[in-house]
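Here's start.pdb, which has PDB, C-alpha atoms:
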```pdb
ATOM      1  CA  MET L  11       0.000   0.000   0.000  1.00  0.00           C
ATOM      2  CA  SER L  12       1.365   3.369  -0.894  1.00  0.00           C
ATOM      3  CA  LEU L  13       0.210   6.893  -0.250  1.00  0.00           C
ATOM      4  CA  ARG L  14       0.515   7.826  -3.869  1.00  0.00           C
ATOM      5  CA  SER L  15      -2.538   9.023  -5.636  1.00  0.00           C
ATOM      6  CA  ASP L  16      -3.682   6.714  -8.392  1.00  0.00           C
ATOM      7  CA  ALA L  17      -6.824   6.239 -10.419  1.00  0.00           C
ATOM      8  CA  ARG L  18      -8.506   4.090  -7.765  1.00  0.00           C
ATOM      9  CA  HIS L  19      -8.112   6.622  -4.904  1.00  0.00           C
ATOM     10  CA  PRO L  20      -7.888  10.098  -6.431  1.00  0.00           C
ATOM     11  CA  MET L  21      -9.144  11.976  -3.306  1.00  0.00           C
ATOM     12  CA  SER L  22      -7.260  10.151  -0.554  1.00  0.00           C
ATOM     13  CA  VAL L  23      -4.085  12.275  -0.628  1.00  0.00           C
ATOM     14  CA  HIS L  24      -5.971  15.562  -1.005  1.00  0.00           C
ATOM     15  CA  ALA L  25      -8.386  14.687   1.796  1.00  0.00           C
ATOM     16  CA  THR L  26      -5.492  13.843   4.098  1.00  0.00           C
ATOM     17  CA  ASP L  27      -3.759  17.115   3.198  1.00  0.00           C
ATOM     18  CA  GLY L  28      -6.939  19.038   4.011  1.00  0.00           C
ATOM     19  CA  ILE L  29      -7.262  17.381   7.397  1.00  0.00           C
ATOM     20  CA  VAL L  30      -3.605  18.068   8.201  1.00  0.00           C
ATOM     21  CA  GLN L  31      -3.960  21.706   7.114  1.00  0.00           C
ATOM     22  CA  SER L  32      -7.123  22.103   9.217  1.00  0.00           C
ATOM     23  CA  GLY L  33      -5.340  20.587  12.208  1.00  0.00           C
ATOM     24  CA  ARG L  34      -2.429  22.969  11.733  1.00  0.00           C
ATOM     25  CA  ARG L  35      -4.773  25.974  11.491  1.00  0.00           C
ATOM     26  CA  ILE L  36      -6.605  24.897  14.644  1.00  0.00           C
ATOM     27  CA  LEU L  37      -3.304  24.434  16.461  1.00  0.00           C
ATOM     28  CA  ALA L  38      -2.055  27.836  15.273  1.00  0.00           C
ATOM     29  CA  ILE L  39      -5.279  29.487  16.466  1.00  0.00           C
ATOM     30  CA  LEU L  40      -5.041  27.778  19.858  1.00  0.00           C
ATOM     31  CA  VAL L  41      -1.406  28.814  20.256  1.00  0.00           C
ATOM     32  CA  THR L  42      -2.318  32.400  19.349  1.00  0.00           C
ATOM     33  CA  MET L  43      -5.171  32.399  21.855  1.00  0.00           C
ATOM     34  CA  VAL L  44      -2.955  31.043  24.625  1.00  0.00           C
ATOM     35  CA  ARG L  45      -0.203  33.539  23.800  1.00  0.00           C
ATOM     36  CA  THR L  46      -2.706  36.423  23.909  1.00  0.00           C
ATOM     37  CA  ARG L  47      -4.130  35.280  27.234  1.00  0.00           C
ATOM     38  CA  LEU L  48      -0.658  34.828  28.724  1.00  0.00           C
ATOM     39  CA  GLY L  49       0.283  38.315  27.550  1.00  0.00           C
ATOM     40  CA  LEU L  50      -2.807  39.724  29.249  1.00  0.00           C
ATOM     41  CA  LEU L  51      -1.955  37.777  32.391  1.00  0.00           C
ATOM     42  CA  ALA L  52       1.596  39.179  32.390  1.00  0.00           C
ATOM     43  CA  VAL L  53       0.309  42.742  31.984  1.00  0.00           C
ATOM     44  CA  GLU L  54      -2.138  42.266  34.857  1.00  0.00           C
ATOM     45  CA  LEU L  55       0.636  40.848  37.048  1.00  0.00           C
ATOM     46  CA  MET L  56       2.853  43.864  36.380  1.00  0.00           C
ATOM     47  CA  GLU L  57      -0.002  46.289  37.066  1.00  0.00           C
ATOM     48  CA  GLU L  58      -0.873  44.528  40.306  1.00  0.00           C
ATOM     49  CA  LYS L  59       2.785  44.488  41.383  1.00  0.00           C
ATOM     50  CA  SER L  60       3.137  48.216  40.715  1.00  0.00           C
ATOM     51  CA  ARG L  61      -0.101  48.960  42.523  1.00  0.00           C
ATOM     52  CA  ILE L  62       0.937  46.945  45.577  1.00  0.00           C
ATOM     53  CA  TRP L  63       4.361  48.620  45.796  1.00  0.00           C
ATOM     54  CA  LEU L  64       2.806  52.058  45.493  1.00  0.00           C
ATOM     55  CA  MET L  65       0.285  51.228  48.198  1.00  0.00           C
ATOM     56  CA  LEU L  66       3.032  49.943  50.500  1.00  0.00           C
ATOM     57  CA  VAL L  67       5.150  53.076  50.077  1.00  0.00           C
ATOM     58  CA  LEU L  68       2.182  55.401  50.577  1.00  0.00           C
ATOM     59  CA  THR L  69       1.045  53.405  53.602  1.00  0.00           C
ATOM     60  CA  ALA L  70       4.495  53.611  55.170  1.00  0.00           C
ATOM     61  CA  LEU L  71       4.646  57.371  54.605  1.00  0.00           C
ATOM     62  CA  ALA L  72       1.145  57.854  55.992  1.00  0.00           C
ATOM     63  CA  LEU L  73       2.018  55.807  59.080  1.00  0.00           C
ATOM     64  CA  ILE L  74       5.186  57.793  59.718  1.00  0.00           C
ATOM     65  CA  PHE L  75       3.478  61.170  59.398  1.00  0.00           C
ATOM     66  CA  ALA L  76       0.385  60.086  61.338  1.00  0.00           C
ATOM     67  CA  SER L  77       2.586  58.762  64.153  1.00  0.00           C
ATOM     68  CA  MET L  78       4.492  62.031  64.325  1.00  0.00           C
ATOM     69  CA  ALA L  79       1.242  64.026  64.354  1.00  0.00           C
ATOM     70  CA  LEU L  80      -0.263  61.857  67.100  1.00  0.00           C
ATOM     71  CA  LEU L  81       2.900  62.132  69.143  1.00  0.00           C
ATOM     72  CA  MET L  82       2.812  65.923  68.912  1.00  0.00           C
ATOM     73  CA  LEU L  83      -0.926  65.999  69.672  1.00  0.00           C
ATOM     74  CA  SER L  84      -0.413  63.761  72.687  1.00  0.00           C
ATOM     75  CA  ALA L  85       2.392  65.964  73.966  1.00  0.00           C
ATOM     76  CA  LEU L  86       0.224  69.058  73.481  1.00  0.00           C
ATOM     77  CA  VAL L  87      -2.722  67.557  75.391  1.00  0.00           C
ATOM     78  CA  ILE L  88      -0.531  66.302  78.245  1.00  0.00           C
ATOM     79  CA  VAL L  89       1.263  69.653  78.569  1.00  0.00           C
ATOM     80  CA  ALA L  90      -2.072  71.512  78.470  1.00  0.00           C
ATOM     81  CA  PHE L  91      -3.466  69.410  81.344  1.00  0.00           C
ATOM     82  CA  TRP L  92      -0.166  69.060  83.242  1.00  0.00           C
ATOM     83  CA  ASP L  93      -1.227  71.070  86.249  1.00  0.00           C
ATOM     84  CA  ASP L  94      -4.860  69.950  86.516  1.00  0.00           C
ATOM     85  CA  ASN L  95      -5.415  66.331  85.360  1.00  0.00           C
ATOM     86  CA  ARG L  96      -2.364  64.948  83.601  1.00  0.00           C
ATOM     87  CA  LEU L  97      -3.263  61.314  84.422  1.00  0.00           C
ATOM     88  CA  LEU L  98      -6.782  61.818  83.063  1.00  0.00           C
ATOM     89  CA  ALA L  99      -5.335  63.325  79.869  1.00  0.00           C
ATOM     90  CA  ILE L 100      -2.902  60.416  79.449  1.00  0.00           C
ATOM     91  CA  GLY L 101      -5.688  57.884  80.123  1.00  0.00           C
ATOM     92  CA  GLY L 102      -8.029  59.593  77.659  1.00  0.00           C
ATOM     93  CA  LEU L 103      -5.388  59.530  74.945  1.00  0.00           C
ATOM     94  CA  LEU L 104      -4.729  55.864  75.670  1.00  0.00           C
ATOM     95  CA  VAL L 105      -8.429  54.998  75.291  1.00  0.00           C
ATOM     96  CA  PHE L 106      -8.594  56.984  72.055  1.00  0.00           C
ATOM     97  CA  TYR L 107      -5.534  55.201  70.604  1.00  0.00           C
ATOM     98  CA  VAL L 108      -6.813  51.752  71.567  1.00  0.00           C
ATOM     99  CA  ALA L 109     -10.216  52.488  69.979  1.00  0.00           C
ATOM    100  CA  ALA L 110      -8.574  53.820  66.809  1.00  0.00           C
ATOM    101  CA  ALA L 111      -6.314  50.760  66.573  1.00  0.00           C
ATOM    102  CA  ALA L 112      -9.294  48.416  67.028  1.00  0.00           C
ATOM    103  CA  ALA L 113     -11.296  50.225  64.332  1.00  0.00           C
ATOM    104  CA  SER L 114      -8.321  50.113  61.967  1.00  0.00           C
ATOM    105  CA  LEU L 115      -7.854  46.389  62.527  1.00  0.00           C
ATOM    106  CA  LEU L 116     -11.551  45.727  61.860  1.00  0.00           C
ATOM    107  CA  VAL L 117     -11.392  47.633  58.573  1.00  0.00           C
ATOM    108  CA  LEU L 118      -8.174  45.831  57.630  1.00  0.00           C
ATOM    109  CA  ARG L 119      -9.757  42.451  58.375  1.00  0.00           C
ATOM    110  CA  HIS L 120     -12.795  43.349  56.262  1.00  0.00           C
ATOM    111  CA  LYS L 121     -10.628  44.459  53.334  1.00  0.00           C
ATOM    112  CA  ALA L 122      -8.507  41.304  53.567  1.00  0.00           C
ATOM    113  CA  LYS L 123     -11.623  39.130  53.307  1.00  0.00           C
ATOM    114  CA  ILE L 124     -12.860  40.973  50.219  1.00  0.00           C
ATOM    115  CA  GLY L 125      -9.617  40.490  48.305  1.00  0.00           C
ATOM    116  CA  SER L 126      -8.655  42.074  45.022  1.00  0.00           C
ATOM    117  CA  PRO L 127      -9.925  41.305  41.526  1.00  0.00           C
ATOM    118  CA  LEU L 128      -6.600  39.783  40.500  1.00  0.00           C
ATOM    119  CA  PHE L 129      -6.613  38.440  36.925  1.00  0.00           C
ATOM    120  CA  SER L 130     -10.249  39.463  36.421  1.00  0.00           C
ATOM    121  CA  HIS L 131      -9.652  40.499  32.796  1.00  0.00           C
ATOM    122  CA  THR L 132      -7.857  37.263  31.966  1.00  0.00           C
ATOM    123  CA  LEU L 133     -10.552  35.158  33.604  1.00  0.00           C
ATOM    124  CA  ARG L 134     -13.277  37.112  31.801  1.00  0.00           C
ATOM    125  CA  GLU L 135     -11.570  36.582  28.417  1.00  0.00           C
ATOM    126  CA  LEU L 136     -11.098  32.869  29.089  1.00  0.00           C
ATOM    127  CA  SER L 137     -14.764  32.633  30.032  1.00  0.00           C
ATOM    128  CA  LYS L 138     -15.732  34.319  26.748  1.00  0.00           C
ATOM    129  CA  ASP L 139     -13.527  31.884  24.835  1.00  0.00           C
ATOM    130  CA  THR L 140     -15.110  28.925  26.580  1.00  0.00           C
ATOM    131  CA  ASP L 141     -18.626  30.207  25.892  1.00  0.00           C
ATOM    132  CA  GLU L 142     -17.834  30.805  22.224  1.00  0.00           C
ATOM    133  CA  LEU L 143     -16.344  27.339  21.807  1.00  0.00           C
ATOM    134  CA  GLU L 144     -19.317  25.714  23.525  1.00  0.00           C
ATOM    135  CA  ASP L 145     -21.761  27.670  21.371  1.00  0.00           C
ATOM    136  CA  ALA L 146     -19.843  26.770  18.207  1.00  0.00           C
ATOM    137  CA  PHE L 147     -19.767  23.075  19.038  1.00  0.00           C
ATOM    138  CA  ASP L 148     -23.439  23.099  20.034  1.00  0.00           C
ATOM    139  CA  ALA L 149     -24.358  24.652  16.700  1.00  0.00           C
ATOM    140  CA  ASP L 150     -22.053  22.205  14.852  1.00  0.00           C
ATOM    141  CA  GLU L 151     -20.285  25.075  13.183  1.00  0.00           C
ATOM    142  CA  VAL L 152     -16.834  26.029  14.258  1.00  0.00           C
ATOM    143  CA  ASP L 153     -15.689  29.581  13.477  1.00  0.00           C
ATOM    144  CA  PHE L 154     -12.074  29.935  14.539  1.00  0.00           C
ATOM    145  CA  ASP L 155     -11.732  33.534  13.368  1.00  0.00           C
ATOM    146  CA  VAL L 156     -12.627  34.911  16.811  1.00  0.00           C
ATOM    147  CA  GLN L 157     -10.836  38.251  16.416  1.00  0.00           C
ATOM    148  CA  THR L 158     -12.715  39.155  13.221  1.00  0.00           C
ATOM    149  CA  ARG L 159     -16.035  38.229  14.817  1.00  0.00           C
ATOM    150  CA  ARG L 160     -15.263  40.336  17.934  1.00  0.00           C
ATOM    151  CA  ARG L 161     -14.355  43.338  15.777  1.00  0.00           C
ATOM    152  CA  ALA L 162     -17.667  42.985  13.943  1.00  0.00           C
ATOM    153  CA  GLN L 163     -19.595  43.141  17.228  1.00  0.00           C
TER     154      GLN L 163
END
```
Mind turning the file's structure into structure tokens?
Amino acid sequence: MSLRSDARHPMSVHATDGIVQSGRRILAILVTMVRTRLGLLAVELMEEKSRIWLMLVLTALALIFASMALLMLSALVIVAFWDDNRLLAIGGLLVFYVAAAAASLLVLRHKAKIGSPLFSHTLRELSKDTDELEDAFDADEVDFDVQTRRRAQ
């Protein structure tokens, strides 16, 4: 048996070539889709990294300046009440600081539970791809030119 085309099987070689070409096109489309999604994922990672570093630096600066301001405010209150009720002033400031720390920790805990929408764009695009593939296979028509169809919409 040979793969050469002869009079008995004129379509066998051409049919095999068509299947191989279709397989290659499908593979090329899948590789392109994966590369696009990985590129989007990398961009989102870099944006999230930059955002986190900026937030850390700004948080550190805010903590330093807020600590200095509270220290000066505490000193001012204690000096103002030095002759009359210095222990009451110190105790009042202590209660205020404990309440503020507790409120801050509650807000921090709430924000930690919510989380961030990390990779939301990538997940949304992958969900769209999955929906389109399911719809195409359900309709028994496969349209692999996704980018042209999206531009048309």
**Request:** Return the single residue from L:Leu133, L:Ala90, L:Val41, L:Ile36 that is closest to L:Glu54, with distances computed using only C-alpha atoms.
**Result:** L:Leu133
**Fill in**
From the list L:Val30, L:Leu51, L:Ile88, L:Leu118, the nearest residue to L:Arg134 using only C-alpha atoms is L:Leu51
**Item:** Contact residues around L:Ile100 with only C-alpha atoms at 10 Å, ignoring same-chain residues under 6 positions, as a ChimeraX atom specification
**Value:** /L:84-85,87-88,91-92,106
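Computed from the coordinates, the atom CA of L:Leu136 to atom CA of L:Leu64 distance equals 28.8 Å.
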Edge lengths and centre in Å, axis-aligned, stretch 50-54 of chain L plus 5 Å each side, as JSON:
```
{"center_x": -0.6, "center_y": 40.3, "center_z": 32.1, "size_x": 14.4, "size_y": 15.0, "size_z": 15.6}
```
**Request:** Tell me, in Å to one decimal, how far atom CA of L:Val108 is from atom CA of L:Asp94.
**Result:** 23.6 Å
**Item:** Minimum-distance residue to L:Lys138, chosen among L:His120, L:Arg96, L:Arg47, L:Arg34 (using only C-alpha atoms)
**Value:** L:Arg47
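Taking only C-alpha atoms into account, L:Thr132 lies nearest to L:Val53 out of the set L:Val89, L:Val53, L:Met78, L:Leu83.
A straight line drawn from atom CA of L:Thr140 to atom CA of L:Thr42 is 15.1 Å long.
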**Fill in**
Among L:Ser77, L:Leu66, L:Asp139, L:Leu55, L:Ile39 is approached most closely, using all atoms listed in the file, by L:Asp139
